[in-house]
file structure_20.txt (compact mmCIF, C-alpha atoms)
# COMPACT_ATOMS: atom_id res chain seq x y z
CA MET A 1 3.27 46.68 -17.65
CA ARG A 2 3.14 44.44 -14.64
CA ILE A 3 2.62 45.93 -11.24
CA ARG A 4 3.23 42.70 -9.32
CA THR A 5 6.58 42.44 -7.61
CA PRO A 6 8.81 39.38 -8.11
CA LEU A 7 7.90 38.28 -4.58
CA ALA A 8 4.18 38.33 -5.40
CA ARG A 9 4.80 36.30 -8.53
CA VAL A 10 6.68 33.47 -6.83
CA ARG A 11 4.43 33.38 -3.80
CA GLY A 12 2.43 30.18 -3.87
CA LEU A 13 4.68 28.63 -6.49
CA GLY A 14 7.50 27.53 -4.24
CA SER A 15 7.84 25.04 -1.45
CA ALA A 16 4.95 24.89 0.99
CA LYS A 17 7.48 23.77 3.64
CA ALA A 18 5.37 20.68 4.28
CA GLY A 19 6.53 18.48 1.41
CA THR A 20 8.14 15.80 3.54
CA GLU A 21 5.15 15.23 5.79
CA ARG A 22 3.42 12.59 3.64
CA TRP A 23 6.77 11.01 2.75
CA TRP A 24 7.56 10.64 6.43
CA GLN A 25 4.11 9.23 7.21
CA GLU A 26 4.66 6.59 4.56
CA ARG A 27 7.88 5.54 6.32
CA VAL A 28 6.31 5.53 9.77
CA THR A 29 3.32 3.47 8.62
CA SER A 30 5.57 1.00 6.79
CA ALA A 31 7.81 0.55 9.85
CA ALA A 32 4.78 0.13 12.11
CA GLY A 33 3.36 -2.19 9.47
CA ILE A 34 6.16 -4.72 10.03
CA PRO A 35 5.04 -6.01 13.46
CA LEU A 36 1.37 -5.43 12.60
CA THR A 37 1.62 -7.50 9.40
CA LEU A 38 3.32 -10.29 11.33
CA PHE A 39 0.42 -10.07 13.78
CA LEU A 40 -2.10 -10.36 10.92
CA ILE A 41 -0.32 -13.44 9.54
CA TRP A 42 -0.30 -14.97 13.03
CA LEU A 43 -4.01 -14.18 13.38
CA ALA A 44 -4.84 -15.69 9.97
CA LEU A 45 -3.10 -18.92 10.99
CA ARG A 46 -4.74 -18.82 14.41
CA VAL A 47 -8.31 -18.61 13.07
CA MET A 48 -7.87 -20.79 10.01
CA GLY A 49 -10.41 -23.58 9.78
CA ARG A 50 -12.09 -22.60 13.07
CA THR A 51 -15.83 -22.32 13.64
CA HIS A 52 -17.53 -18.95 13.87
CA GLN A 53 -17.81 -19.26 17.65
CA GLU A 54 -14.08 -19.93 18.04
CA VAL A 55 -13.19 -17.14 15.61
CA ILE A 56 -15.25 -14.49 17.37
CA GLU A 57 -13.73 -15.51 20.69
CA VAL A 58 -10.26 -14.90 19.26
CA LEU A 59 -11.25 -11.63 17.55
CA GLY A 60 -13.07 -10.43 20.65
CA HIS A 61 -10.02 -10.74 22.89
CA PRO A 62 -9.02 -7.21 23.94
CA ALA A 63 -5.36 -7.56 22.86
CA VAL A 64 -6.37 -8.97 19.47
CA ALA A 65 -9.02 -6.27 18.98
CA ILE A 66 -6.58 -3.48 19.87
CA LEU A 67 -3.87 -4.85 17.57
CA LEU A 68 -6.42 -5.32 14.79
CA ILE A 69 -7.60 -1.73 15.06
CA LEU A 70 -3.98 -0.56 15.06
CA ALA A 71 -3.26 -2.72 12.01
CA LEU A 72 -6.33 -1.46 10.14
CA SER A 73 -5.50 2.17 10.97
CA THR A 74 -1.83 1.88 9.99
CA LEU A 75 -2.38 -0.15 6.84
CA PHE A 76 -5.34 1.81 5.46
CA TRP A 77 -3.42 5.06 5.97
CA HIS A 78 -0.41 3.51 4.25
CA MET A 79 -2.67 2.37 1.40
CA MET A 80 -4.12 5.84 1.01
CA LEU A 81 -0.64 7.40 0.81
CA GLY A 82 0.67 4.75 -1.59
CA MET A 83 -2.25 4.93 -3.99
CA GLN A 84 -2.09 8.73 -3.92
CA VAL A 85 1.53 8.60 -5.16
CA ILE A 86 0.58 6.13 -7.91
CA ILE A 87 -2.31 8.34 -9.08
CA GLU A 88 -0.13 11.46 -8.97
CA ASP A 89 2.58 9.71 -10.98
CA TYR A 90 0.48 8.23 -13.77
CA VAL A 91 -2.82 10.08 -14.08
CA HIS A 92 -2.57 13.52 -15.64
CA SER A 93 -6.08 13.86 -17.03
CA SER A 94 -9.08 15.39 -15.29
CA ALA A 95 -9.78 11.94 -13.81
CA ARG A 96 -6.93 12.62 -11.39
CA PHE A 97 -9.03 14.81 -9.12
CA TRP A 98 -11.79 12.19 -8.82
CA LEU A 99 -9.36 9.32 -8.39
CA LEU A 100 -7.57 11.14 -5.57
CA LEU A 101 -10.90 11.86 -3.92
CA GLY A 102 -12.10 8.28 -4.52
CA ASN A 103 -8.89 6.93 -2.98
CA GLN A 104 -9.48 8.91 0.20
CA CYS A 105 -13.15 7.94 0.36
CA PHE A 106 -12.43 4.26 -0.23
CA THR A 107 -9.66 3.98 2.37
CA ALA A 108 -11.57 6.04 4.94
CA ALA A 109 -14.76 3.99 4.47
CA SER A 110 -12.81 0.71 4.62
CA TRP A 111 -11.05 1.80 7.79
CA VAL A 112 -14.28 2.80 9.53
CA ALA A 113 -16.08 -0.39 8.42
CA GLY A 114 -13.19 -2.56 9.63
CA VAL A 115 -12.90 -0.83 12.98
CA TYR A 116 -16.67 -1.00 13.43
CA ALA A 117 -16.65 -4.76 12.78
CA VAL A 118 -13.85 -5.30 15.30
CA LEU A 119 -15.56 -3.17 17.95
CA ARG A 120 -18.84 -4.99 17.41
CA LEU A 121 -17.10 -8.34 17.86
CA SER A 122 -15.10 -7.17 20.82
CA LEU A 123 -17.92 -5.42 22.65
CA GLY A 124 -20.14 -8.47 22.23
CA GLU A 125 -22.92 -7.65 19.80
CA ALA A 126 -22.40 -10.47 17.35
CA MET B 1 8.78 47.72 -16.71
CA ALA B 2 12.05 46.54 -15.36
CA LEU B 3 10.13 43.66 -13.79
CA GLU B 4 9.04 42.31 -17.17
CA THR B 5 11.09 39.29 -18.26
CA PRO B 6 12.75 40.02 -21.62
CA LYS B 7 11.20 38.24 -24.64
CA HIS B 8 14.27 36.17 -25.55
CA GLN B 9 14.53 34.99 -21.98
CA THR B 10 10.92 33.74 -21.74
CA ARG B 11 11.39 31.91 -25.04
CA ALA B 12 14.46 30.19 -23.63
CA MET B 13 12.47 29.20 -20.56
CA THR B 14 9.66 27.75 -22.67
CA GLU B 15 12.09 25.76 -24.78
CA GLN B 16 13.64 24.41 -21.63
CA LEU B 17 10.24 23.19 -20.48
CA GLN B 18 9.59 21.40 -23.77
CA ARG B 19 12.74 19.31 -23.54
CA PRO B 20 12.19 15.58 -23.05
CA LEU B 21 11.67 14.58 -19.45
CA SER B 22 14.10 12.23 -17.74
CA PRO B 23 14.25 8.85 -19.50
CA HIS B 24 11.73 6.34 -18.25
CA LEU B 25 10.34 2.86 -18.82
CA GLN B 26 10.14 2.87 -22.61
CA ILE B 27 13.69 4.18 -22.95
CA PHE B 28 15.78 2.22 -20.47
CA ARG B 29 16.64 -1.44 -20.98
CA LEU B 30 14.70 -3.43 -18.41
CA MET B 31 16.86 -4.18 -15.38
CA PHE B 32 16.08 -6.59 -12.58
CA THR B 33 16.07 -3.81 -9.97
CA MET B 34 13.67 -1.78 -12.13
CA LEU B 35 11.36 -4.75 -12.42
CA MET B 36 11.43 -5.15 -8.63
CA SER B 37 10.57 -1.49 -8.20
CA ILE B 38 7.54 -1.89 -10.48
CA VAL B 39 6.54 -5.14 -8.78
CA HIS B 40 6.63 -3.31 -5.42
CA ARG B 41 4.02 -0.88 -6.77
CA ILE B 42 1.96 -3.62 -8.41
CA THR B 43 1.91 -5.73 -5.23
CA GLY B 44 0.96 -2.60 -3.30
CA MET B 45 -1.98 -2.06 -5.65
CA ALA B 46 -2.99 -5.73 -5.44
CA LEU B 47 -3.00 -5.46 -1.64
CA TYR B 48 -5.02 -2.25 -1.86
CA PHE B 49 -7.83 -4.15 -3.57
CA GLY B 50 -7.10 -7.33 -1.64
CA SER B 51 -7.87 -5.47 1.58
CA ILE B 52 -11.53 -5.73 0.52
CA LEU B 53 -11.31 -9.47 1.27
CA LEU B 54 -9.94 -8.89 4.77
CA LEU B 55 -12.71 -6.39 5.36
CA TRP B 56 -15.35 -8.74 3.97
CA TRP B 57 -14.12 -11.51 6.26
CA LEU B 58 -14.16 -9.23 9.34
CA ILE B 59 -17.65 -7.96 8.55
CA ALA B 60 -18.83 -11.53 7.96
CA ALA B 61 -17.46 -12.54 11.38
CA ALA B 62 -19.32 -9.61 12.95
CA THR B 63 -22.53 -10.43 11.04
CA GLY B 64 -23.13 -13.95 12.29
CA PRO B 65 -22.41 -17.68 11.88
CA ARG B 66 -24.42 -18.31 8.71
CA TYR B 67 -22.93 -15.47 6.69
CA PHE B 68 -19.47 -16.19 8.11
CA ASP B 69 -19.69 -19.83 6.98
CA PHE B 70 -20.75 -18.65 3.53
CA VAL B 71 -17.69 -16.39 3.24
CA GLN B 72 -15.39 -19.07 4.66
CA HIS B 73 -16.81 -21.46 2.07
CA ILE B 74 -15.89 -19.05 -0.75
CA PHE B 75 -12.39 -18.45 0.67
CA SER B 76 -11.72 -22.18 0.97
CA SER B 77 -12.95 -22.97 -2.55
CA TRP B 78 -10.14 -23.45 -5.04
CA PRO B 79 -10.56 -20.06 -6.81
CA GLY B 80 -10.61 -18.47 -3.35
CA GLN B 81 -7.47 -20.32 -2.33
CA ILE B 82 -5.67 -19.26 -5.53
CA ILE B 83 -6.56 -15.61 -4.90
CA LEU B 84 -5.44 -15.87 -1.25
CA PHE B 85 -2.22 -17.59 -2.33
CA GLY B 86 -1.51 -14.76 -4.79
CA LEU B 87 -2.33 -12.10 -2.20
CA SER B 88 -0.14 -13.76 0.43
CA TRP B 89 2.78 -13.66 -2.01
CA ALA B 90 2.01 -10.00 -2.79
CA LEU B 91 1.91 -9.25 0.94
CA LEU B 92 5.23 -10.99 1.67
CA HIS B 93 6.87 -9.42 -1.38
CA HIS B 94 5.68 -5.93 -0.46
CA PHE B 95 6.67 -6.61 3.16
CA LEU B 96 10.25 -7.60 2.27
CA GLY B 97 10.46 -4.88 -0.40
CA GLY B 98 9.34 -2.36 2.19
CA ILE B 99 12.08 -3.45 4.59
CA ARG B 100 14.54 -3.02 1.68
CA HIS B 101 13.28 0.52 1.17
CA LEU B 102 13.55 1.29 4.90
CA ILE B 103 17.18 0.07 4.85
CA TRP B 104 17.86 2.43 1.94
CA ASP B 105 16.21 5.27 3.82
CA THR B 106 18.88 4.95 6.49
CA GLY B 107 21.49 5.51 3.76
CA HIS B 108 22.74 1.92 3.83
CA GLY B 109 22.85 -0.71 1.10
CA LEU B 110 22.96 1.73 -1.78
CA LYS B 111 26.06 0.33 -3.51
CA LEU B 112 25.10 -1.41 -6.75
CA PRO B 113 26.11 -4.98 -5.77
CA THR B 114 24.15 -4.59 -2.50
CA VAL B 115 21.13 -3.20 -4.35
CA GLU B 116 21.20 -6.19 -6.69
CA LEU B 117 21.62 -8.61 -3.78
CA LEU B 118 18.74 -7.07 -1.79
CA ALA B 119 16.49 -7.24 -4.85
CA ARG B 120 17.29 -10.93 -5.33
CA LEU B 121 16.79 -11.65 -1.63
CA THR B 122 13.41 -9.92 -1.71
CA LEU B 123 12.15 -12.01 -4.63
CA ALA B 124 13.64 -15.28 -3.37
CA GLY B 125 12.50 -14.59 0.20
CA SER B 126 8.92 -13.81 -0.85
CA VAL B 127 8.64 -17.01 -2.90
CA VAL B 128 10.21 -19.20 -0.19
CA LEU B 129 8.12 -17.69 2.61
CA THR B 130 4.89 -17.97 0.59
CA ILE B 131 5.51 -21.64 -0.15
CA ALA B 132 6.51 -22.24 3.50
CA LEU B 133 3.34 -20.50 4.71
CA TRP B 134 1.05 -22.55 2.49
CA GLY B 135 3.00 -25.72 3.21
CA PHE B 136 2.35 -25.06 6.90
CA ILE B 137 -1.34 -24.34 6.25
CA TYR B 138 -1.90 -27.54 4.27
CA LEU B 139 0.07 -29.61 6.79
CA GLN B 140 -2.14 -28.18 9.56
CA LYS B 141 -5.25 -29.11 7.60
CA GLY B 142 -3.87 -32.63 7.20
call {"tool": "encode", "arguments": {"input": "structure_20.txt", "output": "structure tokens"}}
result
Amino acid sequence: MRIRTPLARVRGLGSAKAGTERWWQERVTSAAGIPLTLFLIWLALRVMGRTHQEVIEVLGHPAVAILLILALSTLFWHMMLGMQVIIEDYVHSSARFWLLLGNQCFTAASWVAGVYAVLRLSLGEA
Amino acid sequence: MALETPKHQTRAMTEQLQRPLSPHLQIFRLMFTMLMSIVHRITGMALYFGSILLLWWLIAAATGPRYFDFVQHIFSSWPGQIILFGLSWALLHHFLGGIRHLIWDTGHGLKLPTVELLARLTLAGSVVLTIALWGFIYLQKG
């Protein structure tokens, strides 16, 4: 005989009422990614074939540094969300847990490293 | 005891769970729009790993002239240029594909002929823009 009520049995099995949050973030980061990707393409063309001195002058400009940090933040978050969906769709073994964790570690570390490099260039250490 | 699910009912539920899932890749005939959906994921994954190059370049710039020149040298070598060419196509394809998805999210462009047209425009646009980009780059270099 079960003592648990039907309510107790379904609790925790249904919607967490937060299912659309990540979906929405993916849309927001992709929309924000449009101008930021165009900026990155512009920047790539701007620094192409330049010397290190010229490149760090461009990268150190406040507007460029701010846009770069925005681009890195938006795109690495977008990457984390996208890869998470891919892992959740295709990996059903015990590797899933580690891949999901690895995805978050990789994107977080990349984001911090990228932002650090930009700040270092912009605040004049290099 | 009234809360217990009757035996025949649980069996029915189990059988329902063991039914085949919705048809997927191995079952459907390959359609162009399906291929584009897969390519959107694949380009997304390529960009995921390609971001390492952007990061490497940024860190090299922050490290100093000698290391930066070394990285630039690798990027401008022909294997480097081929990888960058491929990544630029992946970026433009994912970019246009993403816009296509955002249009769908507004509820527009979901009629089949429009879906087909948008898919074709995405592929054609990504190829044309990639070639235009690299044409511009090599013209700049002279």
call {"tool": "closest_atom_pairs", "arguments": {"input": "structure_20.txt", "of": "chain B", "to": "chain A", "cutoff": "10 Å", "atoms": "only C-alpha atoms", "output": "CSV"}}
result
residue,atom,partner,partner_atom,distance
B:Met1,CA,A:Met1,CA,5.7
B:Ala2,CA,A:Met1,CA,9.1
B:Leu3,CA,A:Arg2,CA,7.1
B:Glu4,CA,A:Arg2,CA,6.8
B:Arg41,CA,A:Ile86,CA,7.9
B:Ile42,CA,A:Ile86,CA,9.9
B:Gly44,CA,A:Gly82,CA,7.6
B:Met45,CA,A:Met83,CA,7.2
B:Leu47,CA,A:Met79,CA,8.4
B:Tyr48,CA,A:Met79,CA,6.1
B:Phe49,CA,A:Met79,CA,9.7
B:Ser51,CA,A:Ser110,CA,8.5
B:Ile52,CA,A:Ser110,CA,7.7
B:Leu54,CA,A:Gly114,CA,8.6
B:Leu55,CA,A:Gly114,CA,5.8
B:Trp56,CA,A:Gly114,CA,8.7
B:Trp57,CA,A:Gly114,CA,9.6
B:Leu58,CA,A:Ala117,CA,6.2
B:Ile59,CA,A:Ala117,CA,5.4
B:Ala60,CA,A:Ala117,CA,8.6
B:Ala61,CA,A:Ile56,CA,6.7
B:Ala62,CA,A:Ala126,CA,5.4
B:Thr63,CA,A:Ala126,CA,6.3
B:Gly64,CA,A:Ala126,CA,6.2
B:Pro65,CA,A:His52,CA,5.4
B:Arg66,CA,A:His52,CA,8.6
B:Tyr67,CA,A:His52,CA,9.6
B:Phe68,CA,A:His52,CA,6.7
B:Asp69,CA,A:His52,CA,7.3
B:Gln72,CA,A:Gly49,CA,8.4
B:Ser76,CA,A:Gly49,CA,9.0
B:Ser88,CA,A:Ile41,CA,9.1
B:Leu91,CA,A:Thr37,CA,8.6
B:Leu92,CA,A:Thr37,CA,9.2
B:Phe95,CA,A:Ile34,CA,7.1
B:Leu96,CA,A:Ile34,CA,9.2
B:Gly98,CA,A:Ser30,CA,6.8
B:Ile99,CA,A:Ala31,CA,7.9
B:His101,CA,A:Arg27,CA,9.0
B:Leu102,CA,A:Arg27,CA,7.2
B:Asp105,CA,A:Arg27,CA,8.7
B:Leu133,CA,A:Leu45,CA,9.1
B:Phe136,CA,A:Leu45,CA,9.2
B:Ile137,CA,A:Leu45,CA,7.4
B:Gln140,CA,A:Met48,CA,9.4
B:Lys141,CA,A:Gly49,CA,7.9
call {"tool": "atom_distance", "arguments": {"input": "structure_20.txt", "atom1": "atom CA of Cys105 of chain A", "atom2": "atom CA of Gln25 of chain A"}}
result
18.6 Å
call {"tool": "axis_aligned_box", "arguments": {"input": "structure_20.txt", "around": "segment 97-111 of chain A", "padding_each_side": "8 Å", "output": "JSON"}}
result
{"center_x": -11.2, "center_y": 7.8, "center_z": -0.7, "size_x": 23.2, "size_y": 30.1, "size_z": 32.9}
call {"tool": "atom_distance", "arguments": {"input": "structure_20.txt", "atom1": "atom CA of Ala95 of chain A", "atom2": "atom CA of Val112 of chain A"}}
result
25.5 Å
call {"tool": "atom_distance", "arguments": {"input": "structure_20.txt", "atom1": "atom CA of Phe75 of chain B", "atom2": "atom CA of Met36 of chain B"}}
result
28.8 Å
call {"tool": "residues_around", "arguments": {"input": "structure_20.txt", "residues": "Val127 of chain B", "least_positions_apart": "4", "cutoff": "7 Å", "atoms": "all atoms listed in the file", "output": "JSON, numbers by chain"}}
result
{"B": [89, 123, 131]}
call {"tool": "residues_around", "arguments": {"input": "structure_20.txt", "residues": "Leu100 of chain A", "least_positions_apart": "6", "cutoff": "9 Å", "atoms": "all atoms listed in the file", "output": "JSON, numbers by chain"}}
result
{"A": [83, 84, 87, 88]}
call {"tool": "write_last_selection", "arguments": {"input": "structure_20.txt", "atoms": "C-alpha atoms", "output": "compact mmCIF listing (two decimals), keeping the file's coordinate frame"}}
result
# COMPACT_ATOMS: atom_id res chain seq x y z
CA MET A 83 -2.25 4.93 -3.99
CA GLN A 84 -2.09 8.73 -3.92
CA ILE A 87 -2.31 8.34 -9.08
CA GLU A 88 -0.13 11.46 -8.97
call {"tool": "decode", "arguments": {"input": "structure_20.txt", "residues": "segment 73-103 of chain A", "atoms": "N, CA, C and O atoms", "output": "tab-separated table (two decimals), in the first residue's frame"}}
result
chain	number	residue	atom	x	y	z
A	73	SER	N	31.07	38.21	-24.33
A	73	SER	CA	30.08	37.80	-23.33
A	73	SER	C	28.85	37.18	-24.00
A	73	SER	O	28.38	36.11	-23.61
A	74	THR	N	28.34	37.87	-25.04
A	74	THR	CA	27.14	37.40	-25.72
A	74	THR	C	27.41	36.07	-26.42
A	74	THR	O	26.63	35.13	-26.31
A	75	LEU	N	28.53	36.01	-27.15
A	75	LEU	CA	28.77	34.84	-27.98
A	75	LEU	C	29.17	33.61	-27.15
A	75	LEU	O	28.74	32.50	-27.46
A	76	PHE	N	29.95	33.80	-26.09
A	76	PHE	CA	30.30	32.64	-25.27
A	76	PHE	C	29.07	32.11	-24.52
A	76	PHE	O	28.93	30.90	-24.33
A	77	TRP	N	28.18	32.99	-24.12
A	77	TRP	CA	26.93	32.53	-23.48
A	77	TRP	C	26.08	31.77	-24.49
A	77	TRP	O	25.53	30.70	-24.19
A	78	HIS	N	26.00	32.30	-25.70
A	78	HIS	CA	25.25	31.66	-26.78
A	78	HIS	C	25.84	30.27	-27.08
A	78	HIS	O	25.11	29.30	-27.27
A	79	MET	N	27.17	30.21	-27.10
A	79	MET	CA	27.86	28.94	-27.35
A	79	MET	C	27.55	27.92	-26.27
A	79	MET	O	27.33	26.74	-26.55
A	80	MET	N	27.54	28.39	-25.02
A	80	MET	CA	27.27	27.48	-23.91
A	80	MET	C	25.85	26.90	-24.05
A	80	MET	O	25.66	25.69	-23.93
A	81	LEU	N	24.89	27.78	-24.35
A	81	LEU	CA	23.50	27.33	-24.50
A	81	LEU	C	23.35	26.36	-25.66
A	81	LEU	O	22.68	25.33	-25.56
A	82	GLY	N	23.98	26.70	-26.79
A	82	GLY	CA	23.85	25.88	-27.99
A	82	GLY	C	24.45	24.51	-27.79
A	82	GLY	O	23.83	23.49	-28.13
A	83	MET	N	25.66	24.46	-27.23
A	83	MET	CA	26.32	23.17	-27.03
A	83	MET	C	25.55	22.34	-26.01
A	83	MET	O	25.46	21.12	-26.14
A	84	GLN	N	24.96	23.00	-25.02
A	84	GLN	CA	24.17	22.27	-24.03
A	84	GLN	C	23.01	21.53	-24.70
A	84	GLN	O	22.76	20.36	-24.41
A	85	VAL	N	22.33	22.21	-25.64
A	85	VAL	CA	21.21	21.58	-26.35
A	85	VAL	C	21.70	20.38	-27.16
A	85	VAL	O	21.08	19.31	-27.18
A	86	ILE	N	22.85	20.55	-27.82
A	86	ILE	CA	23.40	19.46	-28.64
A	86	ILE	C	23.72	18.25	-27.75
A	86	ILE	O	23.35	17.12	-28.07
A	87	ILE	N	24.38	18.51	-26.62
A	87	ILE	CA	24.72	17.40	-25.71
A	87	ILE	C	23.45	16.73	-25.20
A	87	ILE	O	23.32	15.50	-25.21
A	88	GLU	N	22.47	17.55	-24.80
A	88	GLU	CA	21.22	16.98	-24.26
A	88	GLU	C	20.47	16.16	-25.32
A	88	GLU	O	19.79	15.21	-25.00
A	89	ASP	N	20.61	16.56	-26.58
A	89	ASP	CA	19.90	15.85	-27.65
A	89	ASP	C	20.55	14.52	-28.00
A	89	ASP	O	19.86	13.56	-28.32
A	90	TYR	N	21.88	14.47	-27.99
A	90	TYR	CA	22.55	13.30	-28.57
A	90	TYR	C	23.25	12.41	-27.56
A	90	TYR	O	23.54	11.26	-27.86
A	91	VAL	N	23.61	12.93	-26.40
A	91	VAL	CA	24.39	12.10	-25.46
A	91	VAL	C	23.47	11.61	-24.35
A	91	VAL	O	22.91	12.41	-23.60
A	92	HIS	N	23.29	10.30	-24.28
A	92	HIS	CA	22.40	9.75	-23.26
A	92	HIS	C	23.15	8.87	-22.27
A	92	HIS	O	22.57	8.29	-21.37
A	93	SER	N	24.46	8.73	-22.48
A	93	SER	CA	25.25	7.89	-21.57
A	93	SER	C	25.67	8.71	-20.35
A	93	SER	O	25.28	9.86	-20.19
A	94	SER	N	26.48	8.09	-19.51
A	94	SER	CA	26.93	8.78	-18.30
A	94	SER	C	27.91	9.91	-18.63
A	94	SER	O	28.20	10.76	-17.78
A	95	ALA	N	28.39	9.93	-19.89
A	95	ALA	CA	29.30	11.00	-20.30
A	95	ALA	C	28.59	12.35	-20.32
A	95	ALA	O	29.23	13.40	-20.25
A	96	ARG	N	27.27	12.30	-20.42
A	96	ARG	CA	26.46	13.51	-20.53
A	96	ARG	C	26.75	14.51	-19.41
A	96	ARG	O	26.95	15.69	-19.66
A	97	PHE	N	26.78	13.99	-18.19
A	97	PHE	CA	27.01	14.85	-17.03
A	97	PHE	C	28.34	15.60	-17.17
A	97	PHE	O	28.41	16.82	-16.98
A	98	TRP	N	29.39	14.85	-17.55
A	98	TRP	CA	30.73	15.46	-17.64
A	98	TRP	C	30.82	16.39	-18.83
A	98	TRP	O	31.51	17.41	-18.77
A	99	LEU	N	30.14	16.04	-19.92
A	99	LEU	CA	30.17	16.92	-21.09
A	99	LEU	C	29.47	18.24	-20.79
A	99	LEU	O	29.93	19.31	-21.18
A	100	LEU	N	28.32	18.15	-20.08
A	100	LEU	CA	27.60	19.38	-19.73
A	100	LEU	C	28.46	20.27	-18.82
A	100	LEU	O	28.53	21.49	-18.99
A	101	LEU	N	29.13	19.62	-17.89
A	101	LEU	CA	30.00	20.35	-16.97
A	101	LEU	C	31.19	20.94	-17.72
A	101	LEU	O	31.56	22.11	-17.53
A	102	GLY	N	31.77	20.11	-18.62
A	102	GLY	CA	32.93	20.55	-19.42
A	102	GLY	C	32.56	21.72	-20.30
A	102	GLY	O	33.34	22.67	-20.46
A	103	ASN	N	31.35	21.69	-20.88
A	103	ASN	CA	30.87	22.78	-21.72
A	103	ASN	C	30.83	24.08	-20.94
A	103	ASN	O	31.30	25.12	-21.41
